[in-house]
file target_30.cif (mmCIF, N, CA and C atoms)
data_coords
#
loop_
_atom_site.label_atom_id
_atom_site.label_comp_id
_atom_site.auth_asym_id
_atom_site.auth_seq_id
_atom_site.Cartn_x
_atom_site.Cartn_y
_atom_site.Cartn_z
N MET A 267 -3.85 18.50 7.40
CA MET A 267 -3.17 17.28 7.75
C MET A 267 -2.55 16.70 6.48
N LEU A 268 -1.35 16.23 6.57
CA LEU A 268 -0.67 15.65 5.42
C LEU A 268 -0.33 14.20 5.68
N ALA A 269 -0.44 13.39 4.64
CA ALA A 269 -0.04 11.99 4.75
C ALA A 269 1.48 11.93 4.73
N ASP A 270 2.06 11.13 5.58
CA ASP A 270 3.52 10.94 5.63
C ASP A 270 4.27 12.25 5.87
N GLY A 271 3.74 13.09 6.73
CA GLY A 271 4.44 14.34 7.04
C GLY A 271 4.26 15.36 5.94
N ASP A 272 5.25 16.20 5.74
CA ASP A 272 5.14 17.24 4.72
C ASP A 272 6.27 17.14 3.72
N ARG A 273 6.63 15.95 3.36
CA ARG A 273 7.76 15.75 2.45
C ARG A 273 7.34 14.92 1.23
N ALA A 274 8.04 15.12 0.17
CA ALA A 274 7.82 14.31 -1.02
C ALA A 274 8.59 13.00 -0.86
N GLU A 275 8.06 11.94 -1.39
CA GLU A 275 8.73 10.64 -1.32
C GLU A 275 9.06 10.15 -2.72
N LYS A 276 10.19 9.52 -2.85
CA LYS A 276 10.58 8.93 -4.12
C LYS A 276 9.97 7.53 -4.19
N LYS A 277 9.18 7.28 -5.21
CA LYS A 277 8.49 6.00 -5.35
C LYS A 277 8.88 5.35 -6.68
N ARG A 278 8.82 4.03 -6.70
CA ARG A 278 9.09 3.29 -7.92
C ARG A 278 7.86 3.33 -8.80
N ALA A 279 8.00 3.81 -10.02
CA ALA A 279 6.89 3.88 -10.97
C ALA A 279 6.82 2.58 -11.75
N SER A 280 5.61 2.18 -12.09
CA SER A 280 5.42 0.94 -12.83
C SER A 280 4.74 1.20 -14.15
N LEU A 281 5.07 0.40 -15.12
CA LEU A 281 4.42 0.42 -16.41
C LEU A 281 3.73 -0.92 -16.59
N GLY A 282 2.69 -0.96 -17.38
CA GLY A 282 2.01 -2.23 -17.60
C GLY A 282 0.74 -2.31 -16.79
N ASN A 283 0.18 -3.50 -16.72
CA ASN A 283 -1.07 -3.66 -15.98
C ASN A 283 -0.79 -4.29 -14.62
N ARG A 284 -1.83 -4.54 -13.87
CA ARG A 284 -1.68 -5.05 -12.51
C ARG A 284 -1.06 -6.44 -12.45
N SER A 285 -1.22 -7.24 -13.48
CA SER A 285 -0.69 -8.60 -13.43
C SER A 285 0.76 -8.68 -13.89
N GLU A 286 1.21 -7.69 -14.67
CA GLU A 286 2.59 -7.70 -15.16
C GLU A 286 3.24 -6.36 -14.83
N ASP A 287 3.87 -6.28 -13.67
CA ASP A 287 4.51 -5.06 -13.21
C ASP A 287 5.88 -4.92 -13.85
N VAL A 288 6.10 -3.84 -14.58
CA VAL A 288 7.37 -3.58 -15.23
C VAL A 288 7.91 -2.26 -14.69
N HIS A 289 9.13 -2.29 -14.16
CA HIS A 289 9.74 -1.09 -13.60
C HIS A 289 9.94 -0.07 -14.72
N GLY A 290 9.42 1.15 -14.52
CA GLY A 290 9.53 2.20 -15.52
C GLY A 290 10.35 3.38 -15.07
N GLY A 291 10.92 3.33 -13.88
CA GLY A 291 11.72 4.44 -13.37
C GLY A 291 11.21 4.88 -12.02
N TYR A 292 11.65 6.03 -11.57
CA TYR A 292 11.24 6.56 -10.28
C TYR A 292 10.53 7.89 -10.48
N THR A 293 9.63 8.20 -9.59
CA THR A 293 8.91 9.46 -9.61
C THR A 293 8.72 9.94 -8.18
N PHE A 294 8.25 11.15 -8.01
CA PHE A 294 8.00 11.68 -6.68
C PHE A 294 6.52 11.57 -6.36
N PHE A 295 6.24 11.22 -5.12
CA PHE A 295 4.87 11.11 -4.62
C PHE A 295 4.72 12.20 -3.57
N TYR A 296 3.90 13.19 -3.85
CA TYR A 296 3.75 14.33 -2.95
C TYR A 296 2.61 14.10 -1.97
N PRO A 297 2.75 14.58 -0.75
CA PRO A 297 1.69 14.43 0.26
C PRO A 297 0.40 15.11 -0.19
N ILE A 298 -0.69 14.69 0.40
CA ILE A 298 -1.99 15.28 0.10
C ILE A 298 -2.66 15.62 1.43
N GLY A 299 -3.43 16.66 1.45
CA GLY A 299 -4.08 17.09 2.69
C GLY A 299 -5.57 16.85 2.68
N ALA A 300 -6.15 16.89 3.86
CA ALA A 300 -7.60 16.82 4.04
C ALA A 300 -8.00 18.06 4.83
N TYR A 301 -8.99 18.80 4.34
CA TYR A 301 -9.36 20.07 4.95
C TYR A 301 -10.85 20.15 5.18
N SER A 302 -11.23 20.77 6.28
CA SER A 302 -12.63 20.96 6.61
C SER A 302 -12.82 22.25 7.39
N GLU A 303 -13.90 22.96 7.09
CA GLU A 303 -14.26 24.13 7.90
C GLU A 303 -15.13 23.72 9.07
N LYS A 304 -15.64 22.48 9.06
CA LYS A 304 -16.59 22.03 10.07
C LYS A 304 -15.96 21.13 11.13
N TYR A 305 -14.95 20.34 10.75
CA TYR A 305 -14.36 19.37 11.67
C TYR A 305 -12.88 19.66 11.87
N ASP A 306 -12.40 19.47 13.10
CA ASP A 306 -11.02 19.77 13.45
C ASP A 306 -10.05 18.63 13.12
N SER A 307 -10.58 17.42 12.94
CA SER A 307 -9.71 16.28 12.67
C SER A 307 -10.50 15.20 11.92
N ILE A 308 -9.78 14.28 11.34
CA ILE A 308 -10.43 13.17 10.65
C ILE A 308 -11.24 12.34 11.64
N GLU A 309 -10.73 12.21 12.85
CA GLU A 309 -11.43 11.43 13.87
C GLU A 309 -12.79 12.03 14.22
N ALA A 310 -12.97 13.33 13.98
CA ALA A 310 -14.22 14.00 14.32
C ALA A 310 -15.31 13.79 13.27
N LEU A 311 -14.96 13.20 12.12
CA LEU A 311 -15.97 12.96 11.09
C LEU A 311 -17.03 11.99 11.60
N PRO A 312 -18.30 12.35 11.53
CA PRO A 312 -19.35 11.44 11.98
C PRO A 312 -19.65 10.38 10.91
N ASP A 313 -20.23 9.29 11.32
CA ASP A 313 -20.68 8.28 10.36
C ASP A 313 -21.65 8.95 9.39
N GLY A 314 -21.54 8.61 8.11
CA GLY A 314 -22.41 9.17 7.09
C GLY A 314 -21.98 10.52 6.57
N ALA A 315 -20.82 11.03 7.01
CA ALA A 315 -20.34 12.34 6.55
C ALA A 315 -20.12 12.31 5.04
N THR A 316 -20.32 13.45 4.41
CA THR A 316 -20.05 13.60 2.98
C THR A 316 -18.61 14.06 2.82
N ILE A 317 -17.86 13.36 1.97
CA ILE A 317 -16.45 13.67 1.73
C ILE A 317 -16.28 13.98 0.25
N ALA A 318 -15.74 15.17 -0.04
CA ALA A 318 -15.48 15.58 -1.41
C ALA A 318 -14.15 14.99 -1.88
N LEU A 319 -14.15 14.48 -3.10
CA LEU A 319 -12.93 13.93 -3.70
C LEU A 319 -12.64 14.67 -4.99
N PRO A 320 -11.36 14.92 -5.29
CA PRO A 320 -11.04 15.48 -6.61
C PRO A 320 -11.36 14.44 -7.67
N ASN A 321 -11.90 14.86 -8.81
CA ASN A 321 -12.29 13.86 -9.81
C ASN A 321 -11.21 13.55 -10.84
N ASP A 322 -10.01 14.12 -10.67
CA ASP A 322 -8.93 13.72 -11.59
C ASP A 322 -8.33 12.42 -11.06
N PRO A 323 -7.98 11.50 -11.95
CA PRO A 323 -7.61 10.14 -11.54
C PRO A 323 -6.51 10.02 -10.49
N SER A 324 -5.41 10.74 -10.63
CA SER A 324 -4.32 10.53 -9.67
C SER A 324 -4.65 11.08 -8.29
N ASN A 325 -5.25 12.27 -8.23
CA ASN A 325 -5.55 12.86 -6.92
C ASN A 325 -6.71 12.17 -6.22
N GLU A 326 -7.66 11.66 -6.98
CA GLU A 326 -8.76 10.91 -6.37
C GLU A 326 -8.20 9.64 -5.72
N GLY A 327 -7.32 8.95 -6.43
CA GLY A 327 -6.69 7.76 -5.87
C GLY A 327 -5.87 8.07 -4.64
N ARG A 328 -5.13 9.18 -4.67
CA ARG A 328 -4.32 9.57 -3.52
C ARG A 328 -5.19 9.89 -2.31
N ALA A 329 -6.32 10.56 -2.52
CA ALA A 329 -7.23 10.89 -1.41
C ALA A 329 -7.80 9.61 -0.80
N LEU A 330 -8.19 8.66 -1.63
CA LEU A 330 -8.73 7.40 -1.12
C LEU A 330 -7.67 6.59 -0.39
N ILE A 331 -6.44 6.59 -0.91
CA ILE A 331 -5.35 5.87 -0.23
C ILE A 331 -5.07 6.51 1.13
N LEU A 332 -5.14 7.85 1.22
CA LEU A 332 -4.97 8.53 2.50
C LEU A 332 -6.01 8.02 3.50
N MET A 333 -7.27 7.94 3.07
CA MET A 333 -8.32 7.46 3.98
C MET A 333 -8.14 5.99 4.32
N HIS A 334 -7.65 5.21 3.37
CA HIS A 334 -7.34 3.80 3.63
C HIS A 334 -6.23 3.69 4.68
N ASN A 335 -5.18 4.47 4.51
CA ASN A 335 -4.05 4.44 5.45
C ASN A 335 -4.44 4.91 6.85
N GLU A 336 -5.45 5.77 6.93
CA GLU A 336 -5.95 6.25 8.23
C GLU A 336 -6.95 5.28 8.85
N GLY A 337 -7.28 4.19 8.13
CA GLY A 337 -8.20 3.19 8.65
C GLY A 337 -9.67 3.56 8.53
N LEU A 338 -9.99 4.57 7.73
CA LEU A 338 -11.38 5.00 7.58
C LEU A 338 -12.15 4.16 6.59
N ILE A 339 -11.46 3.66 5.57
CA ILE A 339 -12.06 2.78 4.56
C ILE A 339 -11.05 1.68 4.25
N THR A 340 -11.48 0.67 3.54
CA THR A 340 -10.57 -0.36 3.04
C THR A 340 -10.70 -0.41 1.54
N LEU A 341 -9.57 -0.29 0.85
CA LEU A 341 -9.56 -0.39 -0.60
C LEU A 341 -9.18 -1.80 -1.02
N GLU A 342 -9.65 -2.22 -2.20
CA GLU A 342 -9.30 -3.53 -2.71
C GLU A 342 -7.80 -3.63 -2.97
N ASP A 343 -7.18 -2.55 -3.48
CA ASP A 343 -5.77 -2.57 -3.84
C ASP A 343 -5.22 -1.15 -3.75
N THR A 344 -4.12 -0.95 -3.03
CA THR A 344 -3.52 0.39 -2.93
C THR A 344 -2.19 0.48 -3.68
N GLU A 345 -1.91 -0.49 -4.51
CA GLU A 345 -0.65 -0.54 -5.24
C GLU A 345 -0.56 0.54 -6.32
N PHE A 346 -1.68 0.86 -6.93
CA PHE A 346 -1.69 1.80 -8.05
C PHE A 346 -2.63 2.97 -7.73
N LEU A 347 -2.35 4.13 -8.30
CA LEU A 347 -3.17 5.32 -8.06
C LEU A 347 -4.34 5.40 -9.03
N VAL A 348 -5.10 4.36 -9.13
CA VAL A 348 -6.25 4.36 -10.04
C VAL A 348 -7.54 4.13 -9.27
N ASP A 349 -7.50 4.27 -7.96
CA ASP A 349 -8.67 3.99 -7.15
C ASP A 349 -9.75 5.04 -7.35
N THR A 350 -10.98 4.58 -7.36
CA THR A 350 -12.18 5.42 -7.36
C THR A 350 -13.07 4.88 -6.25
N PRO A 351 -14.15 5.55 -5.92
CA PRO A 351 -15.04 4.99 -4.90
C PRO A 351 -15.53 3.58 -5.23
N LEU A 352 -15.46 3.18 -6.48
CA LEU A 352 -15.88 1.82 -6.86
C LEU A 352 -14.94 0.76 -6.29
N GLU A 353 -13.70 1.14 -5.97
CA GLU A 353 -12.72 0.19 -5.42
C GLU A 353 -12.74 0.12 -3.90
N ILE A 354 -13.69 0.76 -3.26
CA ILE A 354 -13.80 0.70 -1.80
C ILE A 354 -14.40 -0.65 -1.44
N ALA A 355 -13.62 -1.46 -0.73
CA ALA A 355 -14.08 -2.78 -0.31
C ALA A 355 -14.92 -2.70 0.96
N GLU A 356 -14.54 -1.80 1.88
CA GLU A 356 -15.28 -1.63 3.13
C GLU A 356 -15.38 -0.14 3.45
N ASN A 357 -16.57 0.28 3.84
CA ASN A 357 -16.83 1.66 4.23
C ASN A 357 -17.61 1.62 5.55
N PRO A 358 -16.92 1.23 6.66
CA PRO A 358 -17.61 1.01 7.92
C PRO A 358 -18.29 2.25 8.51
N HIS A 359 -17.88 3.43 8.07
CA HIS A 359 -18.48 4.67 8.58
C HIS A 359 -19.57 5.21 7.65
N ASP A 360 -19.85 4.46 6.59
CA ASP A 360 -20.91 4.83 5.64
C ASP A 360 -20.72 6.24 5.10
N PHE A 361 -19.47 6.61 4.78
CA PHE A 361 -19.20 7.92 4.21
C PHE A 361 -19.83 8.02 2.83
N ASP A 362 -20.29 9.22 2.49
CA ASP A 362 -20.85 9.52 1.18
C ASP A 362 -19.78 10.28 0.40
N PHE A 363 -19.26 9.68 -0.66
CA PHE A 363 -18.18 10.30 -1.43
C PHE A 363 -18.77 11.03 -2.63
N ARG A 364 -18.34 12.29 -2.80
CA ARG A 364 -18.78 13.12 -3.92
C ARG A 364 -17.55 13.54 -4.72
N GLU A 365 -17.57 13.22 -5.99
CA GLU A 365 -16.45 13.62 -6.86
C GLU A 365 -16.71 15.03 -7.36
N ASN A 366 -15.73 15.92 -7.13
CA ASN A 366 -15.86 17.33 -7.52
C ASN A 366 -14.91 17.63 -8.66
N GLU A 367 -15.36 18.50 -9.54
CA GLU A 367 -14.54 18.95 -10.66
C GLU A 367 -13.31 19.66 -10.12
N THR A 368 -12.15 19.31 -10.64
CA THR A 368 -10.90 19.96 -10.24
C THR A 368 -10.48 20.90 -11.35
N ALA A 369 -10.59 22.19 -11.09
CA ALA A 369 -10.22 23.19 -12.09
C ALA A 369 -8.72 23.41 -12.06
N PRO A 370 -8.10 23.57 -13.22
CA PRO A 370 -6.67 23.88 -13.24
C PRO A 370 -6.41 25.25 -12.61
N ARG A 371 -5.24 25.39 -11.98
CA ARG A 371 -4.90 26.69 -11.39
C ARG A 371 -4.79 27.74 -12.46
N GLY A 372 -5.27 28.92 -12.14
CA GLY A 372 -5.21 30.02 -13.09
C GLY A 372 -6.37 30.03 -14.05
N ALA A 373 -7.28 29.09 -13.89
CA ALA A 373 -8.44 29.02 -14.81
C ALA A 373 -9.53 29.94 -14.35
#
call {"tool": "encode", "arguments": {"input": "target_30.cif", "output": "structure tokens"}}
result
Amino acid sequence: MLADGDRAEKKRASLGNRSEDVHGGYTFFYPIGAYSEKYDSIEALPDGATIALPNDPSNEGRALILMHNEGLITLEDTEFLVDTPLEIAENPHDFDFRENETAPRGA
């Protein structure tokens, strides 16, 4: 399953901190998928399911934003891709998040 279909989106990139947003140009935001050998859909995830997250900062944030957009969790702020499980404001399904090492391709 891919967020926003299977296309890349052009997004406005920001420089600076959260209180002072400075336009730094445009970048592409690529879709991210969720995969399981046990469940056929996100809706099939039971309460308390363990969800693996990539531990690199941008992809971890993208995975959490995907779950936020699907209504599975609520994040404090989805403006920036710096989210970690610490920024989860609500976790009504009591998911257990595990950060996994993301090895570079070809390693």
call {"tool": "select_by_dssp", "arguments": {"input": "target_30.cif", "residues": "range 296-347 of chain A", "states": "alpha helix (DSSP H)", "output": "list in words"}}
result
Pro323, Ser324, Asn325, Glu326, Gly327, Arg328, Ala329, Leu330, Ile331, Leu332, Met333, His334 and Asn335 of chain A
call {"tool": "closest_residue", "arguments": {"input": "target_30.cif", "among": "A:Glu336, A:Glu303, A:Asp349, A:Asp343", "to": "Pro323 in chain A", "atoms": "all atoms listed in the file"}}
result
A:Asp349
call {"tool": "resolve_selection", "arguments": {"input": "target_30.cif", "expression": "the PyMOL selection byres (((chain A and resi 359 and name CA) around 7) and name CA)", "output": "list in words"}}
result
Asp313, Gly314, Asn357, Pro358, Asp360 and Phe361 of chain A
call {"tool": "closest_residue", "arguments": {"input": "target_30.cif", "among": "A:Pro351, A:Tyr301, A:Asn321, A:Ile308", "to": "Asn335 in chain A", "atoms": "only C-alpha atoms"}}
result
A:Ile308
call {"tool": "residues_near_point", "arguments": {"input": "target_30.cif", "point": "(-6.0, 11.1, -2.5)", "cutoff": "9 Å", "atoms": "only C-alpha atoms", "output": "ChimeraX atom specification"}}
result
/A:297-300,319-320,324-333,347,349
call {"tool": "atom_distance", "arguments": {"input": "target_30.cif", "atom1": "CA of Glu309 in chain A", "atom2": "CA of Thr340 in chain A"}}
result
16.0 Å
